[in-house]
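**Q** Contents of work_13.cif (mmCIF, C-alpha atoms and all ligand atoms) are below:
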data_query
#
loop_
_atom_site.label_atom_id
_atom_site.label_comp_id
_atom_site.auth_asym_id
_atom_site.auth_seq_id
_atom_site.Cartn_x
_atom_site.Cartn_y
_atom_site.Cartn_z
CA MET N 1 7.71 30.87 1.84
CA ILE N 2 9.42 28.11 3.86
CA THR N 3 11.78 25.72 2.10
CA LEU N 4 11.96 22.02 3.00
CA GLU N 5 15.47 22.52 4.39
CA GLN N 6 14.33 25.44 6.58
CA PHE N 7 11.27 23.52 7.78
CA ILE N 8 13.43 20.55 8.80
CA ALA N 9 16.07 22.78 10.43
CA ASP N 10 13.38 24.63 12.42
CA ARG N 11 12.06 21.31 13.71
CA GLN N 12 15.46 19.60 14.03
CA GLN N 13 15.46 20.36 17.75
CA GLU N 14 12.24 18.31 17.98
CA LEU N 15 13.95 15.20 16.61
CA GLU N 16 15.85 13.00 19.02
CA SER N 17 19.61 12.97 18.44
CA ALA N 18 19.38 16.18 16.46
CA THR N 19 22.72 15.51 14.82
CA GLY N 20 21.63 16.94 11.49
CA ALA N 21 22.09 13.46 10.02
CA PHE N 22 18.41 13.10 9.47
CA SER N 23 18.05 16.42 7.69
CA LYS N 24 20.92 15.46 5.38
CA ILE N 25 19.08 12.26 4.41
CA LEU N 26 15.89 14.18 3.61
CA ARG N 27 18.01 16.62 1.59
CA ASP N 28 19.33 13.71 -0.52
CA ILE N 29 15.76 12.49 -1.07
CA SER N 30 14.77 15.98 -2.18
CA LEU N 31 17.75 16.21 -4.58
CA GLY N 32 16.92 12.77 -6.02
CA ALA N 33 13.31 13.84 -6.46
CA LYS N 34 14.32 16.97 -8.40
CA LEU N 35 16.56 14.93 -10.70
CA VAL N 36 14.02 12.15 -11.30
CA SER N 37 11.39 14.80 -12.01
CA PHE N 38 13.71 16.41 -14.56
CA TYR N 39 14.35 13.10 -16.41
CA LEU N 40 10.71 11.93 -16.26
CA ARG N 41 9.45 15.09 -17.92
CA ARG N 42 11.88 14.65 -20.81
CA ALA N 43 11.71 10.86 -21.11
CA SER N 44 9.73 10.72 -24.36
CA LEU N 45 12.05 13.33 -25.89
CA ALA N 46 15.23 11.52 -24.85
CA GLY N 47 14.22 7.95 -25.79
CA PHE N 48 14.00 7.09 -22.12
CA LEU N 49 10.72 5.16 -22.34
CA GLY N 50 10.24 1.42 -22.60
CA GLU N 51 11.88 -1.58 -20.98
CA ILE N 52 15.52 -2.40 -20.40
CA GLY N 53 14.84 -6.06 -21.15
CA ILE N 54 15.36 -7.55 -17.68
CA THR N 55 12.96 -8.90 -15.07
CA ASN N 56 13.42 -7.80 -11.45
CA VAL N 57 13.09 -9.74 -8.23
CA GLN N 58 9.37 -8.94 -8.30
CA GLY N 59 9.07 -10.86 -11.57
CA GLU N 60 8.23 -7.60 -13.35
CA SER N 61 9.81 -6.18 -16.50
CA VAL N 62 12.08 -3.25 -15.53
CA GLN N 63 11.33 0.03 -17.31
CA LYS N 64 14.25 2.30 -18.29
CA LEU N 65 12.97 4.92 -15.85
CA ASP N 66 12.66 2.38 -13.04
CA ASP N 67 16.33 1.60 -13.56
CA MET N 68 17.30 5.28 -13.83
CA ALA N 69 15.50 6.25 -10.63
CA ASN N 70 16.88 3.22 -8.79
CA ARG N 71 20.49 3.90 -9.77
CA LEU N 72 20.16 7.62 -9.12
CA PHE N 73 18.86 7.24 -5.56
CA ILE N 74 21.33 4.45 -4.75
CA ASN N 75 24.21 6.61 -5.98
CA LEU N 76 22.99 9.55 -3.89
CA PHE N 77 22.39 7.52 -0.70
CA SER N 78 25.68 5.60 -1.10
CA LYS N 79 27.55 8.90 -0.73
CA ASN N 80 25.73 9.84 2.47
CA PRO N 81 27.83 8.77 5.53
CA HIS N 82 24.71 8.81 7.72
CA ILE N 83 23.11 5.96 5.74
CA ALA N 84 24.33 2.46 6.65
CA GLY N 85 22.34 0.65 3.98
CA ILE N 86 19.63 0.65 1.33
CA ALA N 87 16.85 -1.76 0.37
CA SER N 88 15.13 -1.14 -2.95
CA GLU N 89 12.21 -2.72 -4.79
CA GLU N 90 14.59 -3.10 -7.73
CA GLU N 91 17.37 -4.83 -5.75
CA GLU N 92 17.06 -8.44 -4.64
CA HIS N 93 19.37 -7.97 -1.62
CA ILE N 94 20.05 -5.12 0.84
CA ILE N 95 22.96 -2.86 -0.07
CA PRO N 96 25.24 -2.15 2.94
CA THR N 97 26.96 1.25 2.48
CA HIS N 98 28.56 3.17 5.39
CA PRO N 99 29.26 1.02 8.50
CA GLU N 100 29.31 4.22 10.61
CA GLY N 101 25.87 5.28 9.35
CA ARG N 102 23.04 5.28 11.90
CA TYR N 103 20.06 5.04 9.51
CA VAL N 104 18.86 2.62 6.84
CA ILE N 105 16.46 3.52 4.04
CA LEU N 106 13.93 1.48 2.04
CA LEU N 107 12.84 2.67 -1.37
CA ASP N 108 10.34 2.16 -4.13
CA PRO N 109 12.31 4.26 -6.60
CA LEU N 110 9.52 4.53 -9.14
CA ASP N 111 5.98 3.56 -8.18
CA GLY N 112 3.33 3.09 -10.85
CA SER N 113 5.74 1.96 -13.56
CA SER N 114 2.92 0.75 -15.82
CA ASN N 115 1.95 4.41 -16.20
CA ILE N 116 5.34 5.83 -17.19
CA ASP N 117 4.82 5.61 -20.95
CA VAL N 118 1.31 7.04 -20.91
CA GLY N 119 1.86 10.27 -18.99
CA VAL N 120 -0.03 9.26 -15.84
CA PRO N 121 1.55 10.42 -12.55
CA VAL N 122 4.11 8.14 -10.90
CA GLY N 123 5.95 8.44 -7.59
CA THR N 124 8.80 7.50 -5.28
CA ILE N 125 8.20 6.05 -1.80
CA PHE N 126 10.72 5.98 1.08
CA SER N 127 10.88 4.66 4.62
CA ILE N 128 13.71 5.31 7.12
CA TYR N 129 14.75 3.41 10.28
CA ARG N 130 17.47 3.97 12.88
CA ARG N 131 19.68 0.89 12.62
CA VAL N 132 19.65 -1.73 15.38
CA SER N 133 22.86 -3.53 14.34
CA SER N 134 26.25 -2.42 15.74
CA ILE N 135 27.62 0.84 14.41
CA GLY N 136 30.94 0.26 12.67
CA GLU N 137 29.69 -3.03 11.24
CA PRO N 138 27.87 -3.52 7.92
CA CYS N 139 24.09 -3.19 8.31
CA THR N 140 22.03 -6.39 8.42
CA GLU N 141 18.54 -7.43 7.23
CA ALA N 142 17.35 -7.01 10.84
CA ASP N 143 17.81 -3.25 10.43
CA PHE N 144 15.15 -3.28 7.69
CA LEU N 145 12.78 -5.77 9.35
CA GLN N 146 12.06 -3.83 12.56
CA GLY N 147 8.38 -3.33 11.71
CA GLY N 148 6.30 -0.36 10.68
CA ARG N 149 6.05 1.24 14.11
CA HIS N 150 9.85 1.65 14.24
CA GLN N 151 10.06 3.95 11.20
CA VAL N 152 11.63 7.34 12.02
CA ALA N 153 10.49 8.94 8.75
CA ALA N 154 8.38 8.00 5.73
CA GLY N 155 7.07 9.77 2.70
CA TYR N 156 6.61 9.98 -1.02
CA VAL N 157 7.30 12.12 -4.04
CA LEU N 158 4.48 12.55 -6.59
CA TYR N 159 5.57 13.42 -10.12
CA GLY N 160 2.22 14.82 -11.23
CA THR N 161 0.92 18.17 -12.45
CA SER N 162 3.54 19.44 -10.03
CA THR N 163 6.29 17.62 -8.14
CA LEU N 164 5.23 17.16 -4.52
CA LEU N 165 7.09 15.77 -1.52
CA PHE N 166 5.03 14.64 1.49
CA TYR N 167 6.59 13.15 4.62
CA THR N 168 6.09 12.42 8.32
CA THR N 169 8.45 11.92 11.25
CA GLY N 170 5.60 11.14 13.61
CA ARG N 171 4.61 14.77 14.12
CA GLY N 172 1.96 15.07 11.42
CA VAL N 173 2.15 14.95 7.62
CA HIS N 174 3.67 17.92 5.77
CA GLY N 175 3.64 18.58 2.02
CA PHE N 176 5.97 20.59 -0.20
CA THR N 177 5.74 21.69 -3.85
CA LEU N 178 8.82 21.95 -6.07
CA GLU N 179 9.30 25.47 -7.37
CA PRO N 180 11.41 24.73 -10.48
CA ALA N 181 12.42 28.41 -10.85
CA ALA N 182 14.14 28.23 -7.46
CA GLY N 183 14.93 24.48 -7.46
CA GLU N 184 13.41 24.35 -3.97
CA PHE N 185 10.58 22.41 -2.34
CA LEU N 186 8.33 24.99 -0.63
CA LEU N 187 5.88 24.25 2.21
CA THR N 188 2.37 24.16 0.73
CA TYR N 189 0.47 21.57 2.81
CA PRO N 190 1.32 21.88 6.55
CA GLN N 191 -0.26 19.35 8.97
CA VAL N 192 -2.36 17.44 6.40
CA GLN N 193 -5.50 15.74 7.73
CA MET N 194 -7.44 13.18 5.66
CA PRO N 195 -11.16 14.16 5.51
CA THR N 196 -13.23 11.71 7.55
CA LYS N 197 -15.88 11.59 4.81
CA SER N 198 -14.84 9.39 1.92
CA SER N 199 -15.33 10.97 -1.52
CA TYR N 200 -13.46 8.33 -3.53
CA TYR N 201 -12.79 4.62 -3.56
CA SER N 202 -9.82 3.13 -5.40
CA PHE N 203 -9.37 -0.52 -6.32
CA ASN N 204 -8.79 -2.64 -9.40
CA ASP N 205 -12.10 -4.47 -9.77
CA ASN N 206 -10.72 -6.97 -12.31
CA GLN N 207 -10.12 -9.21 -9.31
CA LEU N 208 -13.43 -8.58 -7.51
CA HIS N 209 -14.65 -12.12 -8.22
CA GLU N 210 -11.48 -13.51 -6.59
CA TRP N 211 -11.88 -11.55 -3.35
CA SER N 212 -13.29 -13.09 -0.19
CA GLU N 213 -17.07 -13.27 0.24
CA GLY N 214 -16.90 -10.72 3.03
CA LEU N 215 -15.08 -8.19 0.86
CA GLN N 216 -17.47 -8.70 -2.04
CA ARG N 217 -20.33 -7.99 0.38
CA TYR N 218 -18.52 -4.80 1.46
CA VAL N 219 -18.39 -3.64 -2.18
CA THR N 220 -22.10 -4.48 -2.68
CA ASP N 221 -22.84 -2.47 0.47
CA LEU N 222 -20.68 0.42 -0.83
CA HIS N 223 -22.61 0.51 -4.11
CA ALA N 224 -25.93 0.39 -2.21
CA ARG N 225 -24.84 3.30 0.01
CA ASN N 226 -23.90 5.25 -3.10
CA ARG N 227 -27.30 4.68 -4.70
CA SER N 228 -29.08 6.14 -1.69
CA SER N 229 -26.61 9.01 -1.14
CA ASP N 230 -26.96 12.55 -2.46
CA LYS N 231 -23.16 12.68 -2.53
CA PRO N 232 -22.08 9.26 -3.82
CA GLN N 233 -18.40 8.33 -3.69
CA SER N 234 -16.67 8.17 -7.08
CA LEU N 235 -14.41 5.39 -8.30
CA ARG N 236 -10.95 6.81 -9.06
CA TYR N 237 -8.10 4.38 -9.80
CA VAL N 238 -5.08 5.32 -11.91
CA GLY N 239 -2.87 2.36 -10.97
CA SER N 240 -0.11 4.37 -9.25
CA LEU N 241 -0.30 3.86 -5.48
CA VAL N 242 1.28 7.26 -4.81
CA ALA N 243 -1.16 9.11 -7.13
CA ASP N 244 -4.25 7.23 -5.90
CA PHE N 245 -3.16 7.62 -2.29
CA HIS N 246 -2.33 11.31 -2.59
CA ARG N 247 -5.76 12.18 -4.05
CA ASN N 248 -7.50 10.20 -1.30
CA LEU N 249 -5.30 11.78 1.39
CA LEU N 250 -6.34 15.31 0.37
CA LYS N 251 -9.99 14.62 -0.56
CA GLY N 252 -10.89 11.64 1.62
CA GLY N 253 -11.02 8.21 0.09
CA LEU N 254 -10.42 4.49 0.44
CA PHE N 255 -7.55 2.73 -1.33
CA MET N 256 -7.47 -1.04 -1.29
CA TYR N 257 -5.38 -3.72 -2.93
CA PRO N 258 -6.70 -6.93 -1.33
CA GLY N 259 -5.38 -10.43 -1.58
CA THR N 260 -7.14 -12.97 -3.79
CA VAL N 261 -7.78 -16.70 -3.49
CA LYS N 262 -4.71 -17.31 -5.70
CA LYS N 263 -2.56 -14.58 -4.10
CA PRO N 264 -3.79 -14.08 -0.51
CA GLU N 265 -0.78 -11.84 0.25
CA GLY N 266 -1.81 -9.39 -2.49
CA LYS N 267 0.58 -7.44 -4.74
CA LEU N 268 1.90 -4.45 -2.81
CA ARG N 269 5.11 -4.68 -0.81
CA LEU N 270 4.90 -4.30 2.95
CA LEU N 271 8.20 -2.57 3.70
CA TYR N 272 8.46 0.13 1.04
CA GLU N 273 4.82 0.61 0.01
CA GLY N 274 2.59 -0.58 2.88
CA PHE N 275 4.42 0.65 5.99
CA PRO N 276 5.24 4.20 4.76
CA MET N 277 1.74 4.78 3.34
CA ALA N 278 0.14 3.29 6.47
CA TRP N 279 2.11 5.58 8.78
CA LEU N 280 1.25 8.64 6.66
CA THR N 281 -2.42 7.59 6.74
CA GLU N 282 -2.44 7.27 10.56
CA GLN N 283 -0.54 10.55 10.98
CA ALA N 284 -3.22 12.23 8.83
CA GLY N 285 -6.03 10.80 11.00
CA GLY N 286 -6.95 7.81 8.85
CA LYS N 287 -6.55 4.06 9.36
CA ALA N 288 -4.47 1.38 7.63
CA SER N 289 -4.89 -2.37 7.79
CA ASP N 290 -4.32 -5.64 5.98
CA GLY N 291 -8.07 -6.18 6.25
CA TYR N 292 -7.87 -7.73 9.70
CA GLN N 293 -5.14 -6.00 11.73
CA THR N 294 -3.47 -2.57 11.84
CA LEU N 295 -0.96 -2.61 9.03
CA LEU N 296 1.88 -1.14 11.10
CA ASP N 297 1.64 -4.21 13.37
CA VAL N 298 2.03 -6.75 10.55
CA PRO N 299 5.25 -8.68 11.30
CA ALA N 300 8.02 -7.91 8.77
CA LYS N 301 9.81 -11.14 7.82
CA LYS N 302 11.23 -10.62 4.30
CA ILE N 303 12.47 -7.54 2.45
CA HIS N 304 10.10 -8.01 -0.52
CA GLN N 305 7.20 -9.40 1.51
CA ARG N 306 3.75 -8.57 0.06
CA THR N 307 0.62 -7.59 1.96
CA PRO N 308 -3.04 -6.85 1.32
CA LEU N 309 -3.37 -3.08 1.79
CA PHE N 310 -6.35 -1.00 2.96
CA LEU N 311 -5.85 2.75 3.54
CA GLY N 312 -8.53 5.33 4.27
CA PRO N 313 -10.97 6.97 6.67
CA ALA N 314 -11.48 4.97 9.87
CA THR N 315 -15.18 4.46 9.09
CA GLU N 316 -14.45 2.60 5.83
CA ILE N 317 -11.51 0.60 7.22
CA ASP N 318 -13.56 -0.50 10.25
CA ARG N 319 -16.51 -1.41 7.98
CA ILE N 320 -14.25 -3.59 5.83
CA THR N 321 -12.89 -5.43 8.87
CA GLU N 322 -16.47 -5.97 10.05
CA PHE N 323 -17.49 -7.52 6.74
CA LEU N 324 -14.33 -9.65 6.59
CA ARG N 325 -14.75 -10.91 10.16
CA ASN N 326 -18.49 -11.58 9.95
CA HIS N 327 -18.37 -13.32 6.62
CA VAL N 328 -15.63 -15.87 6.99
CA SER N 329 -14.28 -16.24 3.47
CA VAL N 330 -14.84 -19.44 1.59
CA GLU N 331 -11.14 -20.29 1.33
CA ALA N 332 -10.73 -19.85 5.10
CA VAL N 333 -13.07 -22.67 6.04
P1 LIG Q 401 5.39 -0.45 -8.89
O1 LIG Q 401 5.28 0.31 -10.18
O2 LIG Q 401 6.34 0.18 -7.90
O3 LIG Q 401 5.62 -1.91 -9.10
O4 LIG Q 401 3.99 -0.32 -8.14
C1 LIG Q 401 2.84 -0.56 -8.86
C2 LIG Q 401 1.72 -0.86 -7.90
C3 LIG Q 401 1.08 0.38 -7.30
O5 LIG Q 401 1.69 1.57 -7.69
C4 LIG Q 401 -0.33 0.34 -7.83
O6 LIG Q 401 -1.24 0.68 -6.83
C5 LIG Q 401 -0.51 -1.11 -8.25
O7 LIG Q 401 0.76 -1.57 -8.61
C6 LIG Q 401 -1.45 -1.24 -9.42
O8 LIG Q 401 -1.55 -2.63 -9.66
P2 LIG Q 401 -2.61 -3.16 -10.75
O9 LIG Q 401 -2.11 -2.66 -12.06
O10 LIG Q 401 -2.56 -4.65 -10.60
O11 LIG Q 401 -3.96 -2.60 -10.37
MN MN Q 402 5.24 0.58 -6.14
MN MN Q 403 8.35 0.57 -8.19
#
Output the structure of this file as structure tokens.
Ligand code: AHG
Ligand code: MN
Ligand code: MN

**A**
Amino acid sequence: MITLEQFIADRQQELESATGAFSKILRDISLGAKLVSFYLRRASLAGFLGEIGITNVQGESVQKLDDMANRLFINLFSKNPHIAGIASEEEEHIIPTHPEGRYVILLDPLDGSSNIDVGVPVGTIFSIYRRVSSIGEPCTEADFLQGGRHQVAAGYVLYGTSTLLFYTTGRGVHGFTLEPAAGEFLLTYPQVQMPTKSSYYSFNDNQLHEWSEGLQRYVTDLHARNRSSDKPQSLRYVGSLVADFHRNLLKGGLFMYPGTVKKPEGKLRLLYEGFPMAWLTEQAGGKASDGYQTLLDVPAKKIHQRTPLFLGPATEIDRITEFLRNHVSVEAV
């Protein structure tokens, strides 16, 4: 059995500037994940469910567990001298921490908040960059807006039937399972590859009528393919990006959260949902786009910028782009 710490240490020599800083950041993420997992599984016993009565920068009501996870990770990262700053879904502005730190981290502390009170899996998503601003100075927004291809690490924690931690540093995707008896994440999914055949498709079809003509034609085509297939794809959508993504990563499947006529930029956030999940998808052999271009190439302009998000096997992602390009959407004319 290989622990997460051992796995990172064994590969530390592969990482540039193997100062150990990076492994200490992943260790803080792993500690935060263990603690969040502990509180989540007791939430309904400890009166930890429900809202705290404030609305966040996203315009969403903050759940008690959103706030707990956010504060817990910020406290952990603020004590790590290798981290120069933090950006969180729950924080309007970036949080400069250690001016000597060489890395910055972006965080969706609790993803899938609408599912917290009903026992459906939720997650944490993280994305790490080497800073570009001067060491010794406070970090700046530019450190967080470098663009998806400049990430040095990205991953997620899934608080599901077990607590899983999956991450990439650009050398494949590796998954670990928390062994509560030992309090350790153990390697259980080395070098994950997304199956090229899609078994699932995940989207919220309550907006289908608001999608572009091209995308609606893609869905009609998908249903037609299913009718004539002896192994039709199944619709699976739980409303937690991490849970929907993780199932599709292991079994092969398309996840999409498109834009609509009213909200062409979609709902999901580019920097701490889109970029990390897109990099993981590519590292596992899949493709990620905003419908038209590779997602990792989408220019990052604002910390809480939203993006349409398409993640899955290359065949499905390419097919979607084909339908979108060949059927110019009504609103685009
Ligand atoms: P968060 O809880 O961090 O705000 O993220 C929720 C996101 C994502 O997890 C999920 O894919 C999506 O919201 C579901 O949105 P709908 O409920 O609109 O389908
Ligand atoms: Mn989220
Ligand atoms: Mn969230």

**Q** Counting only C-alpha atoms and all ligand atoms, which residue out of N:Asp318, N:Asp205, N:Glu141, N:Glu89 sits closest to ligand MN 403 (chain Q)?

**A**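 Closest candidate: N:Glu89.
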
**Q** Name the closest residue to N:Leu186 among the candidates N:Cys139, N:Ile2, N:Val104, N:Leu222; distances are taken between atoms, counting all atoms listed in the file.

**A**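 Of N:Cys139, N:Ile2, N:Val104, N:Leu222, the one nearest N:Leu186, counting all atoms listed in the file, is N:Ile2.
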
**Q** Please compute the atom CA of N:Gly148-atom CA of N:Phe275 distance, one decimal, in Å.

**A**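 According to the coordinates, atom CA of N:Gly148 and atom CA of N:Phe275 are separated by 5.2 Å.
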
**Q** Please return as a PyMOL selection string the residues found within 6 Å of ligand LIG 401 (chain Q), counting all atoms listed in the file.

**A** chain N and resi 108+110-113+204+239-241

**Q** For ligand MN 403 (chain Q), return the neighbouring residues as a PyMOL selection string (distance at most 12 Å; all atoms listed in the file).

**A** chain N and resi 56-70+88-91+106-116+122-126+156+239-242+267-269+272-273+304

**Q** For a quick check of your reading of the model, name the residues lying within 7 Å of the coordinate (-1.5, -0.4, 1.0), counting all atoms listed in the file, and write them as number ranges by chain.

**A** N: 256-257, 268, 273-274, 277-278, 308-311

**Q** May I ask which of the residues N:Asp290, N:Glu5, N:Glu213, N:Glu137 is the closest one to N:Glu265, counting all atoms listed in the file?

**A**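 That would be N:Asp290, the residue with the smallest distance to N:Glu265.
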
**Q** Return the single residue from N:Asp244, N:Glu51, N:Asp143, N:Asp230 that is closest to ligand MN 402 (chain Q), with distances computed using only C-alpha atoms and all ligand atoms.

**A** N:Asp244

**Q** So how far away is atom CA of N:Gly183 from atom CA of N:Leu35, in Å?

**A**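 Here the two named atoms are 10.2 Å from each other.
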
**Q** For N:Val36, which of N:Arg102, N:Arg227, N:Arg71, N:Arg171 is the closest residue, counting all atoms listed in the file?

**A** N:Arg71

**Q** Tell me, in Å to one decimal, how far atom CA of N:Gln216 is from atom CA of N:Pro258.

**A**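 Between atom CA of N:Gln216 and atom CA of N:Pro258 the gap works out to 10.9 Å.
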
**Q** Determine the nearest neighbour of ligand MN 402 (chain Q) from the options N:Asn248, N:Leu324, N:Val157, N:Gln146, counting only C-alpha atoms and all ligand atoms.

**A**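 Going through N:Asn248, N:Leu324, N:Val157, N:Gln146 one by one, the smallest distance to ligand MN 402 (chain Q) is for N:Val157.
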
**Q** Name the residues in contact with N:Gln305 at a cut-off of 8 Å, using only C-alpha atoms, excluding same-chain residues fewer than 3 positions from it; report them as a list in words.

**A**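 The neighbour list is Arg269, Leu270, Leu271, Ala300, Lys301 and Lys302 of chain N.
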